[in-house]
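Enquirer: Got a file for you: protein_32.tsv, TSV, N, CA and C atoms.
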```tsv
chain	number	residue	atom	x	y	z
U	1	GLN	N	-7.44	6.19	-4.00
U	1	GLN	CA	-8.30	5.80	-2.89
U	1	GLN	C	-7.96	6.65	-1.68
U	2	VAL	N	-8.98	7.23	-1.09
U	2	VAL	CA	-8.76	8.09	0.07
U	2	VAL	C	-8.46	7.24	1.29
U	3	GLN	N	-7.44	7.65	2.03
U	3	GLN	CA	-7.10	7.00	3.28
U	3	GLN	C	-6.90	8.05	4.35
U	4	LEU	N	-7.32	7.69	5.56
U	4	LEU	CA	-7.15	8.55	6.72
U	4	LEU	C	-6.34	7.79	7.76
U	5	VAL	N	-5.33	8.45	8.30
U	5	VAL	CA	-4.50	7.81	9.31
U	5	VAL	C	-4.38	8.75	10.51
U	6	GLU	N	-4.85	8.24	11.65
U	6	GLU	CA	-4.78	9.02	12.88
U	6	GLU	C	-3.51	8.68	13.65
U	7	SER	N	-3.09	9.63	14.47
U	7	SER	CA	-1.97	9.41	15.37
U	7	SER	C	-2.13	10.30	16.58
U	8	GLY	N	-1.37	9.99	17.63
U	8	GLY	CA	-1.34	10.87	18.79
U	8	GLY	C	-2.09	10.39	20.01
U	9	GLY	N	-2.75	9.25	19.91
U	9	GLY	CA	-3.46	8.75	21.07
U	9	GLY	C	-2.49	8.24	22.13
U	10	GLY	N	-3.03	7.89	23.28
U	10	GLY	CA	-2.19	7.37	24.34
U	10	GLY	C	-2.88	7.40	25.68
U	11	LEU	N	-2.07	7.22	26.73
U	11	LEU	CA	-2.55	7.21	28.11
U	11	LEU	C	-2.12	8.51	28.78
U	12	VAL	N	-3.06	9.16	29.42
U	12	VAL	CA	-2.77	10.42	30.10
U	12	VAL	C	-3.58	10.49	31.39
U	13	GLU	N	-3.05	11.21	32.35
U	13	GLU	CA	-3.78	11.39	33.60
U	13	GLU	C	-4.87	12.45	33.43
U	14	ALA	N	-5.87	12.36	34.25
U	14	ALA	CA	-6.94	13.36	34.23
U	14	ALA	C	-6.34	14.75	34.42
U	15	GLY	N	-6.84	15.68	33.61
U	15	GLY	CA	-6.30	17.03	33.63
U	15	GLY	C	-5.21	17.28	32.61
U	16	GLY	N	-4.73	16.21	32.02
U	16	GLY	CA	-3.66	16.33	31.04
U	16	GLY	C	-4.17	16.66	29.65
U	17	SER	N	-3.23	16.65	28.71
U	17	SER	CA	-3.54	17.03	27.33
U	17	SER	C	-2.99	16.01	26.35
U	18	LEU	N	-3.66	15.90	25.22
U	18	LEU	CA	-3.19	15.11	24.10
U	18	LEU	C	-3.55	15.85	22.83
U	19	ARG	N	-2.77	15.60	21.80
U	19	ARG	CA	-3.07	16.17	20.49
U	19	ARG	C	-3.15	15.04	19.48
U	20	LEU	N	-4.31	14.90	18.88
U	20	LEU	CA	-4.50	13.91	17.83
U	20	LEU	C	-4.32	14.57	16.47
U	21	SER	N	-3.79	13.80	15.56
U	21	SER	CA	-3.61	14.30	14.20
U	21	SER	C	-4.14	13.27	13.21
U	22	CYS	N	-4.67	13.74	12.11
U	22	CYS	CA	-5.19	12.86	11.06
U	22	CYS	C	-4.73	13.40	9.71
U	23	VAL	N	-4.12	12.54	8.93
U	23	VAL	CA	-3.67	12.96	7.60
U	23	VAL	C	-4.48	12.22	6.54
U	24	LEU	N	-4.91	12.96	5.54
U	24	LEU	CA	-5.67	12.39	4.43
U	24	LEU	C	-4.77	12.25	3.22
U	25	SER	N	-4.84	11.10	2.57
U	25	SER	CA	-4.10	10.89	1.34
U	25	SER	C	-5.05	10.32	0.28
U	26	GLY	N	-4.69	10.53	-0.98
U	26	GLY	CA	-5.48	9.98	-2.07
U	26	GLY	C	-6.63	10.86	-2.50
U	27	GLY	N	-6.69	12.08	-2.00
U	27	GLY	CA	-7.77	12.98	-2.38
U	27	GLY	C	-7.36	14.42	-2.15
U	28	THR	N	-8.19	15.33	-2.64
U	28	THR	CA	-7.92	16.76	-2.44
U	28	THR	C	-8.50	17.19	-1.11
U	29	PHE	N	-7.64	17.37	-0.13
U	29	PHE	CA	-8.07	17.56	1.26
U	29	PHE	C	-9.05	18.72	1.40
U	30	SER	N	-8.82	19.78	0.66
U	30	SER	CA	-9.65	20.98	0.84
U	30	SER	C	-11.09	20.78	0.38
U	31	THR	N	-11.39	19.69	-0.29
U	31	THR	CA	-12.77	19.42	-0.73
U	31	THR	C	-13.54	18.59	0.30
U	32	TYR	N	-12.91	18.29	1.42
U	32	TYR	CA	-13.54	17.45	2.44
U	32	TYR	C	-13.83	18.22	3.71
U	33	ALA	N	-15.07	18.10	4.18
U	33	ALA	CA	-15.37	18.47	5.54
U	33	ALA	C	-14.84	17.35	6.43
U	34	MET	N	-14.35	17.72	7.61
U	34	MET	CA	-13.71	16.73	8.47
U	34	MET	C	-14.37	16.68	9.84
U	35	GLY	N	-14.27	15.52	10.46
U	35	GLY	CA	-14.84	15.37	11.79
U	35	GLY	C	-14.03	14.40	12.63
U	36	TRP	N	-14.19	14.54	13.92
U	36	TRP	CA	-13.64	13.57	14.88
U	36	TRP	C	-14.82	12.96	15.64
U	37	PHE	N	-14.81	11.65	15.71
U	37	PHE	CA	-15.81	10.90	16.46
U	37	PHE	C	-15.10	10.07	17.51
U	38	ARG	N	-15.85	9.58	18.46
U	38	ARG	CA	-15.28	8.66	19.45
U	38	ARG	C	-16.30	7.61	19.83
U	39	GLN	N	-15.76	6.48	20.26
U	39	GLN	CA	-16.61	5.39	20.73
U	39	GLN	C	-15.98	4.76	21.95
U	40	ALA	N	-16.70	4.84	23.04
U	40	ALA	CA	-16.27	4.22	24.29
U	40	ALA	C	-16.84	2.81	24.38
U	41	PRO	N	-16.22	1.94	25.16
U	41	PRO	CA	-16.72	0.57	25.29
U	41	PRO	C	-18.17	0.55	25.74
U	42	GLY	N	-18.98	-0.20	25.03
U	42	GLY	CA	-20.38	-0.34	25.38
U	42	GLY	C	-21.26	0.84	25.02
U	43	LYS	N	-20.68	1.81	24.35
U	43	LYS	CA	-21.46	3.00	23.97
U	43	LYS	C	-21.47	3.18	22.46
U	44	GLU	N	-22.42	3.97	21.99
U	44	GLU	CA	-22.50	4.25	20.58
U	44	GLU	C	-21.45	5.29	20.19
U	45	ARG	N	-21.09	5.27	18.92
U	45	ARG	CA	-20.19	6.29	18.41
U	45	ARG	C	-20.85	7.66	18.49
U	46	GLU	N	-20.09	8.67	18.86
U	46	GLU	CA	-20.64	10.01	18.94
U	46	GLU	C	-19.69	11.01	18.28
U	47	ILE	N	-20.31	12.05	17.75
U	47	ILE	CA	-19.53	13.15	17.19
U	47	ILE	C	-18.86	13.90	18.33
U	48	VAL	N	-17.62	14.25	18.14
U	48	VAL	CA	-16.89	15.07	19.11
U	48	VAL	C	-16.79	16.50	18.59
U	49	THR	N	-16.33	16.63	17.36
U	49	THR	CA	-16.14	17.94	16.78
U	49	THR	C	-16.06	17.81	15.27
U	50	ALA	N	-16.33	18.89	14.57
U	50	ALA	CA	-16.25	18.88	13.11
U	50	ALA	C	-15.83	20.25	12.63
U	51	ILE	N	-15.29	20.27	11.42
U	51	ILE	CA	-14.80	21.52	10.85
U	51	ILE	C	-15.14	21.56	9.37
U	52	SER	N	-15.47	22.75	8.90
U	52	SER	CA	-15.83	22.91	7.49
U	52	SER	C	-14.60	22.82	6.59
U	53	ARG	N	-14.84	22.77	5.31
U	53	ARG	CA	-13.75	22.71	4.34
U	53	ARG	C	-12.81	23.90	4.48
U	54	SER	N	-13.38	25.05	4.69
U	54	SER	CA	-12.59	26.27	4.78
U	54	SER	C	-11.90	26.42	6.13
U	55	GLY	N	-12.40	25.69	7.12
U	55	GLY	CA	-11.89	25.86	8.48
U	55	GLY	C	-12.56	26.97	9.25
U	56	GLY	N	-13.46	27.69	8.58
U	56	GLY	CA	-14.08	28.83	9.23
U	56	GLY	C	-15.22	28.51	10.17
U	57	ASN	N	-15.78	27.34	10.02
U	57	ASN	CA	-16.89	26.92	10.89
U	57	ASN	C	-16.56	25.62	11.59
U	58	THR	N	-16.93	25.56	12.85
U	58	THR	CA	-16.67	24.36	13.65
U	58	THR	C	-17.90	24.01	14.49
U	59	TYR	N	-17.90	22.78	14.94
U	59	TYR	CA	-18.94	22.28	15.85
U	59	TYR	C	-18.26	21.48	16.96
U	60	TYR	N	-18.78	21.62	18.17
U	60	TYR	CA	-18.28	20.83	19.30
U	60	TYR	C	-19.47	20.27	20.07
U	61	VAL	N	-19.38	19.03	20.46
U	61	VAL	CA	-20.38	18.48	21.36
U	61	VAL	C	-20.23	19.18	22.71
U	62	ASN	N	-21.32	19.35	23.41
U	62	ASN	CA	-21.30	20.15	24.64
U	62	ASN	C	-20.26	19.68	25.65
U	63	SER	N	-20.06	18.38	25.72
U	63	SER	CA	-19.18	17.84	26.75
U	63	SER	C	-17.71	18.21	26.56
U	64	VAL	N	-17.34	18.69	25.38
U	64	VAL	CA	-15.92	19.03	25.14
U	64	VAL	C	-15.70	20.51	24.89
U	65	LYS	N	-16.78	21.27	24.85
U	65	LYS	CA	-16.63	22.70	24.60
U	65	LYS	C	-15.73	23.36	25.64
U	66	GLY	N	-14.81	24.18	25.17
U	66	GLY	CA	-13.88	24.86	26.06
U	66	GLY	C	-12.66	24.04	26.40
U	67	ARG	N	-12.66	22.76	26.05
U	67	ARG	CA	-11.52	21.89	26.36
U	67	ARG	C	-10.83	21.39	25.09
U	68	PHE	N	-11.59	21.13	24.05
U	68	PHE	CA	-11.05	20.59	22.80
U	68	PHE	C	-11.07	21.66	21.73
U	69	THR	N	-10.09	21.58	20.82
U	69	THR	CA	-10.03	22.49	19.69
U	69	THR	C	-9.67	21.71	18.42
U	70	ILE	N	-10.49	21.88	17.41
U	70	ILE	CA	-10.21	21.26	16.11
U	70	ILE	C	-9.59	22.31	15.20
U	71	SER	N	-8.64	21.87	14.38
U	71	SER	CA	-8.03	22.77	13.41
U	71	SER	C	-7.62	21.95	12.19
U	72	ARG	N	-7.46	22.63	11.08
U	72	ARG	CA	-7.03	21.93	9.88
U	72	ARG	C	-6.00	22.77	9.14
U	73	ASP	N	-5.16	22.07	8.41
U	73	ASP	CA	-4.16	22.71	7.57
U	73	ASP	C	-4.32	22.14	6.17
U	74	ASN	N	-4.95	22.90	5.30
U	74	ASN	CA	-5.23	22.39	3.95
U	74	ASN	C	-3.97	22.23	3.11
U	75	ALA	N	-2.90	22.88	3.50
U	75	ALA	CA	-1.64	22.72	2.77
U	75	ALA	C	-0.94	21.41	3.15
U	76	LYS	N	-1.20	20.94	4.36
U	76	LYS	CA	-0.55	19.72	4.85
U	76	LYS	C	-1.49	18.51	4.86
U	77	ASN	N	-2.75	18.72	4.46
U	77	ASN	CA	-3.73	17.63	4.43
U	77	ASN	C	-3.98	17.03	5.81
U	78	THR	N	-3.96	17.87	6.82
U	78	THR	CA	-4.12	17.37	8.18
U	78	THR	C	-5.24	18.08	8.93
U	79	VAL	N	-5.86	17.33	9.82
U	79	VAL	CA	-6.81	17.89	10.77
U	79	VAL	C	-6.37	17.42	12.15
U	80	ASP	N	-6.28	18.36	13.08
U	80	ASP	CA	-5.80	18.06	14.42
U	80	ASP	C	-6.90	18.26	15.45
U	81	LEU	N	-6.75	17.57	16.56
U	81	LEU	CA	-7.66	17.72	17.68
U	81	LEU	C	-6.81	17.91	18.93
U	82	GLN	N	-6.81	19.13	19.44
U	82	GLN	CA	-6.11	19.43	20.68
U	82	GLN	C	-7.08	19.20	21.83
U	83	MET	N	-6.70	18.32	22.75
U	83	MET	CA	-7.57	17.95	23.86
U	83	MET	C	-6.90	18.35	25.16
U	84	ASN	N	-7.50	19.27	25.87
U	84	ASN	CA	-6.99	19.74	27.15
U	84	ASN	C	-7.94	19.38	28.27
U	85	SER	N	-7.45	19.46	29.48
U	85	SER	CA	-8.28	19.18	30.67
U	85	SER	C	-9.03	17.87	30.51
U	86	LEU	N	-8.33	16.85	30.11
U	86	LEU	CA	-8.96	15.57	29.83
U	86	LEU	C	-9.56	14.95	31.07
U	87	LYS	N	-10.67	14.25	30.87
U	87	LYS	CA	-11.41	13.60	31.94
U	87	LYS	C	-11.48	12.10	31.65
U	88	PRO	N	-11.66	11.29	32.68
U	88	PRO	CA	-11.79	9.85	32.44
U	88	PRO	C	-12.91	9.52	31.45
U	89	GLU	N	-13.96	10.31	31.44
U	89	GLU	CA	-15.07	10.04	30.51
U	89	GLU	C	-14.72	10.35	29.06
U	90	ASP	N	-13.56	10.93	28.82
U	90	ASP	CA	-13.10	11.13	27.44
U	90	ASP	C	-12.42	9.88	26.87
U	91	THR	N	-12.24	8.87	27.71
U	91	THR	CA	-11.63	7.63	27.26
U	91	THR	C	-12.47	6.97	26.17
U	92	ALA	N	-11.84	6.71	25.05
U	92	ALA	CA	-12.53	6.14	23.89
U	92	ALA	C	-11.54	5.91	22.77
U	93	VAL	N	-12.00	5.23	21.75
U	93	VAL	CA	-11.27	5.20	20.48
U	93	VAL	C	-11.76	6.40	19.67
U	94	TYR	N	-10.82	7.18	19.20
U	94	TYR	CA	-11.15	8.39	18.43
U	94	TYR	C	-10.90	8.13	16.96
U	95	TYR	N	-11.89	8.51	16.15
U	95	TYR	CA	-11.85	8.30	14.72
U	95	TYR	C	-11.92	9.62	13.97
U	96	CYS	N	-11.11	9.73	12.96
U	96	CYS	CA	-11.16	10.85	12.03
U	96	CYS	C	-12.05	10.43	10.85
U	97	ALA	N	-12.82	11.38	10.32
U	97	ALA	CA	-13.70	11.08	9.21
U	97	ALA	C	-13.70	12.23	8.20
U	98	ALA	N	-13.93	11.87	6.93
U	98	ALA	CA	-13.92	12.86	5.85
U	98	ALA	C	-15.17	12.72	4.99
U	99	ASP	N	-15.75	13.86	4.62
U	99	ASP	CA	-16.95	13.89	3.78
U	99	ASP	C	-16.72	14.89	2.65
U	100	ARG	N	-16.73	14.42	1.42
U	100	ARG	CA	-16.52	15.32	0.28
U	100	ARG	C	-17.81	16.04	-0.01
U	101	ILE	N	-17.80	17.36	0.17
U	101	ILE	CA	-19.01	18.15	-0.02
U	101	ILE	C	-18.70	19.37	-0.88
U	102	PHE	N	-19.76	20.01	-1.35
U	102	PHE	CA	-19.60	21.17	-2.23
U	102	PHE	C	-19.39	22.47	-1.46
U	103	GLU	N	-20.18	22.63	-0.38
U	103	GLU	CA	-20.18	23.90	0.35
U	103	GLU	C	-18.94	24.07	1.21
U	104	PRO	N	-18.17	25.10	1.04
U	104	PRO	CA	-16.96	25.27	1.85
U	104	PRO	C	-17.24	25.66	3.29
U	105	TRP	N	-18.46	26.11	3.57
U	105	TRP	CA	-18.78	26.61	4.90
U	105	TRP	C	-19.50	25.58	5.78
U	106	ARG	N	-19.93	24.48	5.18
U	106	ARG	CA	-20.80	23.57	5.91
U	106	ARG	C	-20.03	22.63	6.84
U	107	VAL	N	-20.60	22.43	8.02
U	107	VAL	CA	-20.06	21.49	9.00
U	107	VAL	C	-20.94	20.25	8.98
U	108	VAL	N	-20.33	19.09	8.95
U	108	VAL	CA	-21.07	17.83	8.90
U	108	VAL	C	-20.96	17.16	10.26
U	109	ILE	N	-22.11	16.91	10.90
U	109	ILE	CA	-22.07	16.35	12.24
U	109	ILE	C	-22.73	14.97	12.34
U	110	THR	N	-23.24	14.48	11.22
U	110	THR	CA	-23.88	13.17	11.23
U	110	THR	C	-22.93	12.12	10.69
U	111	GLY	N	-22.71	11.08	11.45
U	111	GLY	CA	-21.73	10.08	11.07
U	111	GLY	C	-22.03	9.41	9.74
U	112	ARG	N	-23.31	9.16	9.47
U	112	ARG	CA	-23.65	8.43	8.25
U	112	ARG	C	-23.37	9.23	6.98
U	113	GLU	N	-23.16	10.53	7.12
U	113	GLU	CA	-22.84	11.35	5.95
U	113	GLU	C	-21.39	11.22	5.53
U	114	TYR	N	-20.55	10.77	6.44
U	114	TYR	CA	-19.12	10.71	6.14
U	114	TYR	C	-18.79	9.53	5.24
U	115	ASP	N	-17.90	9.80	4.29
U	115	ASP	CA	-17.53	8.81	3.29
U	115	ASP	C	-16.35	7.94	3.70
U	116	TYR	N	-15.43	8.52	4.44
U	116	TYR	CA	-14.19	7.82	4.76
U	116	TYR	C	-13.87	7.95	6.25
U	117	TRP	N	-13.28	6.87	6.76
U	117	TRP	CA	-12.97	6.79	8.19
U	117	TRP	C	-11.55	6.28	8.39
U	118	GLY	N	-10.91	6.79	9.43
U	118	GLY	CA	-9.62	6.25	9.82
U	118	GLY	C	-9.80	4.99	10.65
U	119	GLN	N	-8.68	4.42	11.04
U	119	GLN	CA	-8.70	3.16	11.78
U	119	GLN	C	-8.92	3.37	13.27
U	120	GLY	N	-8.77	4.60	13.72
U	120	GLY	CA	-9.00	4.91	15.12
U	120	GLY	C	-7.72	4.92	15.93
U	121	THR	N	-7.74	5.74	16.97
U	121	THR	CA	-6.61	5.79	17.90
U	121	THR	C	-7.16	5.84	19.32
U	122	GLN	N	-6.56	5.04	20.20
U	122	GLN	CA	-7.06	4.91	21.57
U	122	GLN	C	-6.60	6.08	22.43
U	123	VAL	N	-7.54	6.65	23.14
U	123	VAL	CA	-7.25	7.66	24.15
U	123	VAL	C	-7.75	7.13	25.48
U	124	THR	N	-6.86	7.04	26.45
U	124	THR	CA	-7.22	6.56	27.78
U	124	THR	C	-6.82	7.60	28.81
U	125	VAL	N	-7.80	8.03	29.60
U	125	VAL	CA	-7.57	9.03	30.62
U	125	VAL	C	-7.76	8.37	31.98
U	126	SER	N	-6.71	8.35	32.76
U	126	SER	CA	-6.78	7.71	34.07
U	126	SER	C	-7.17	8.74	35.13
U	127	SER	N	-7.88	8.23	36.13
U	127	SER	CA	-8.35	9.13	37.19
U	127	SER	C	-7.34	9.23	38.32
```
Just give me the structure of the file as structure tokens.
Expert:
Amino acid sequence: QVQLVESGGGLVEAGGSLRLSCVLSGGTFSTYAMGWFRQAPGKEREIVTAISRSGGNTYYVNSVKGRFTISRDNAKNTVDLQMNSLKPEDTAVYYCAADRIFEPWRVVITGREYDYWGQGTQVTVSS
């Protein structure tokens, strides 16, 4: 059974940085496209960033471009999210998600396509 476990959330001041990590177990990591989503109180879940199986293609929502970086290590079964220049509006629960797909180059940005989800990790950015 595939499981995703996130870590690295916390409280940070505006302008600071955090690094989230997600480890996948119970499956062959390299066969999964990965994504990070977030949900703020009272708001719908939104895609933050996604990465292809190969790691060669990525997607970022406009609001985080230039500040966030997604990366994956297929040898360690991990996908990381480096978040810099954090803003109060980045405050949310962040979720890691995995979608087993055939194409190594494809990026998955729709939440309903993802098969597995982590439990989430809280990120709070104070002003």
Enquirer: Report as CSV the residues of region 37-106 of chain U within 8 Å of region 124-127 of chain U, each with its shortest atom pair and distance in Å (one decimal), using only N, CA and C atoms, ordered by chain and increasing residue number.
Expert:
```
residue,atom,partner,partner_atom,distance
U:Leu86,C,U:Val125,CA,6.3
U:Lys87,C,U:Val125,CA,5.1
U:Pro88,CA,U:Val125,C,4.3
U:Glu89,N,U:Val125,C,6.5
U:Asp90,C,U:Val125,N,5.7
U:Thr91,CA,U:Val125,N,4.5
U:Ala92,N,U:Thr124,N,5.2
U:Val93,N,U:Thr124,N,7.2
```
Enquirer: I need the chosen residues saved as a PDB file, in the coordinates of the input, with N, CA and C atoms.
Expert:
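The resulting result.pdb:
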```pdb
ATOM      1  N   LEU U  86      -8.330  16.850  30.110  1.00  0.00           N
ATOM      2  CA  LEU U  86      -8.960  15.570  29.830  1.00  0.00           C
ATOM      3  C   LEU U  86      -9.560  14.950  31.070  1.00  0.00           C
ATOM      4  N   LYS U  87     -10.670  14.250  30.870  1.00  0.00           N
ATOM      5  CA  LYS U  87     -11.410  13.600  31.940  1.00  0.00           C
ATOM      6  C   LYS U  87     -11.480  12.100  31.650  1.00  0.00           C
ATOM      7  N   PRO U  88     -11.660  11.290  32.680  1.00  0.00           N
ATOM      8  CA  PRO U  88     -11.790   9.850  32.440  1.00  0.00           C
ATOM      9  C   PRO U  88     -12.910   9.520  31.450  1.00  0.00           C
ATOM     10  N   GLU U  89     -13.960  10.310  31.440  1.00  0.00           N
ATOM     11  CA  GLU U  89     -15.070  10.040  30.510  1.00  0.00           C
ATOM     12  C   GLU U  89     -14.720  10.350  29.060  1.00  0.00           C
ATOM     13  N   ASP U  90     -13.560  10.930  28.820  1.00  0.00           N
ATOM     14  CA  ASP U  90     -13.100  11.130  27.440  1.00  0.00           C
ATOM     15  C   ASP U  90     -12.420   9.880  26.870  1.00  0.00           C
ATOM     16  N   THR U  91     -12.240   8.870  27.710  1.00  0.00           N
ATOM     17  CA  THR U  91     -11.630   7.630  27.260  1.00  0.00           C
ATOM     18  C   THR U  91     -12.470   6.970  26.170  1.00  0.00           C
ATOM     19  N   ALA U  92     -11.840   6.710  25.050  1.00  0.00           N
ATOM     20  CA  ALA U  92     -12.530   6.140  23.890  1.00  0.00           C
ATOM     21  C   ALA U  92     -11.540   5.910  22.770  1.00  0.00           C
ATOM     22  N   VAL U  93     -12.000   5.230  21.750  1.00  0.00           N
ATOM     23  CA  VAL U  93     -11.270   5.200  20.480  1.00  0.00           C
ATOM     24  C   VAL U  93     -11.760   6.400  19.670  1.00  0.00           C
TER      25      VAL U  93
END
```
Enquirer: Between U:Ile51, U:Val12, U:Val61, U:Cys22, single out the one closest to Tyr94 (chain U), counting only C-alpha atoms.
Expert: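 For Tyr94 (chain U), the nearest of the candidates is U:Cys22.
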Enquirer: CA of Ala40 (chain U) and CA of Ser52 (chain U), how far apart in Å?
Expert: 25.1 Å
Enquirer: Which one is closest to Gly15 (chain U): U:Ala33, U:Met83, U:Ala50, U:Ala98? Count only C-alpha atoms.
Expert: U:Met83
Enquirer: For the point (-6.1, 11.6, 12.8) in file coordinates, what residues are within 7 Å, counting only N, CA and C atoms? Give the answer as a list in words?
Expert: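 Residues with an atom close enough to that point: Leu4, Val5, Glu6, Ser7, Gly8, Leu20, Ser21, Cys22, Val23, Val79, Asp80, Tyr95 and Cys96 of chain U.
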Enquirer: Where in region 4-115 of chain U does DSSP assign strand (DSSP E), given as JSON, numbers by chain?
Expert: {"U": [4, 5, 6, 7, 10, 11, 12, 13, 18, 19, 20, 21, 22, 23, 24, 25, 32, 33, 34, 35, 36, 37, 38, 39, 46, 47, 48, 49, 50, 51, 58, 59, 60, 68, 69, 70, 71, 72, 73, 78, 79, 80, 81, 82, 83, 92, 93, 94, 95, 96, 97, 98, 99, 100]}
Enquirer: Report, in Å to a single decimal, how far apart CA of Gly27 (chain U) and CA of Arg45 (chain U) are.
Expert: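 CA of Arg45 (chain U) sits 25.1 Å away from CA of Gly27 (chain U).
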Enquirer: For Ser17 (chain U), which residue out of U:Asn84, U:Ser71, U:Tyr60, U:Ser30 is the nearest one, using all atoms listed in the file?
Expert: U:Asn84
Enquirer: Considering only C-alpha atoms, state which residue in the set U:Ser25, U:Gln1, U:Gln39, U:Thr49 is at the smallest distance from Val123 (chain U).
Expert: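 Smallest separation from Val123 (chain U) among the options: U:Gln39.
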Enquirer: What does the distance between atom C of Leu24 (chain U) and atom N of Leu11 (chain U) come to in Å, to one decimal place?
Expert: 24.2 Å
Enquirer: Grab all the atoms of region 7-21 of chain U that the file lists, wrap them in a box along x, y and z, add 6 Å per side, and give me centre plus edge lengths in Å (one decimal) as AutoDock Vina command-line options.
Expert:
```
--center_x -4.1 --center_y 12.2 --center_z 23.8 --size_x 17.6 --size_y 22.1 --size_z 33.2
```
Enquirer: Ranking U:Ser85, U:Thr110, U:Thr28, U:Ser54 by minimum distance to Thr69 (chain U) and counting only C-alpha atoms, which one comes first?
Expert: U:Ser85
Enquirer: Which one of U:Gly9, U:Val2, U:Ala97, U:Tyr32 sits closest to Gln122 (chain U) if you count all atoms listed in the file?
Expert: U:Gly9
Enquirer: May I have all residues of chain U that DSSP, computed from the backbone, assigns to helix (DSSP H, G or I), given as a PyMOL selection string?
Expert: chain U and resi 29-31+62-64+88-90+111-113
Enquirer: Would you mind exporting the chosen residues as a compact mmCIF listing (two decimals), in the frame of the given file, restricted to N, CA and C atoms?
Expert:
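part06.txt, written as the output of this step:
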```txt
# COMPACT_ATOMS: atom_id res chain seq x y z
N PHE U 29 -7.64 17.37 -0.13
CA PHE U 29 -8.07 17.56 1.26
C PHE U 29 -9.05 18.72 1.40
N SER U 30 -8.82 19.78 0.66
CA SER U 30 -9.65 20.98 0.84
C SER U 30 -11.09 20.78 0.38
N THR U 31 -11.39 19.69 -0.29
CA THR U 31 -12.77 19.42 -0.73
C THR U 31 -13.54 18.59 0.30
N ASN U 62 -21.32 19.35 23.41
CA ASN U 62 -21.30 20.15 24.64
C ASN U 62 -20.26 19.68 25.65
N SER U 63 -20.06 18.38 25.72
CA SER U 63 -19.18 17.84 26.75
C SER U 63 -17.71 18.21 26.56
N VAL U 64 -17.34 18.69 25.38
CA VAL U 64 -15.92 19.03 25.14
C VAL U 64 -15.70 20.51 24.89
N PRO U 88 -11.66 11.29 32.68
CA PRO U 88 -11.79 9.85 32.44
C PRO U 88 -12.91 9.52 31.45
N GLU U 89 -13.96 10.31 31.44
CA GLU U 89 -15.07 10.04 30.51
C GLU U 89 -14.72 10.35 29.06
N ASP U 90 -13.56 10.93 28.82
CA ASP U 90 -13.10 11.13 27.44
C ASP U 90 -12.42 9.88 26.87
N GLY U 111 -22.71 11.08 11.45
CA GLY U 111 -21.73 10.08 11.07
C GLY U 111 -22.03 9.41 9.74
N ARG U 112 -23.31 9.16 9.47
CA ARG U 112 -23.65 8.43 8.25
C ARG U 112 -23.37 9.23 6.98
N GLU U 113 -23.16 10.53 7.12
CA GLU U 113 -22.84 11.35 5.95
C GLU U 113 -21.39 11.22 5.53
```
Enquirer: Tell me which protein, DNA and RNA residues are within 7 Å of Phe29 (chain U), counting all atoms listed in the file, leaving out same-chain ones fewer than 5 positions away, and put them as an NGL selection string.
Expert: :U and (24 or 53 or 74 or 77-78)
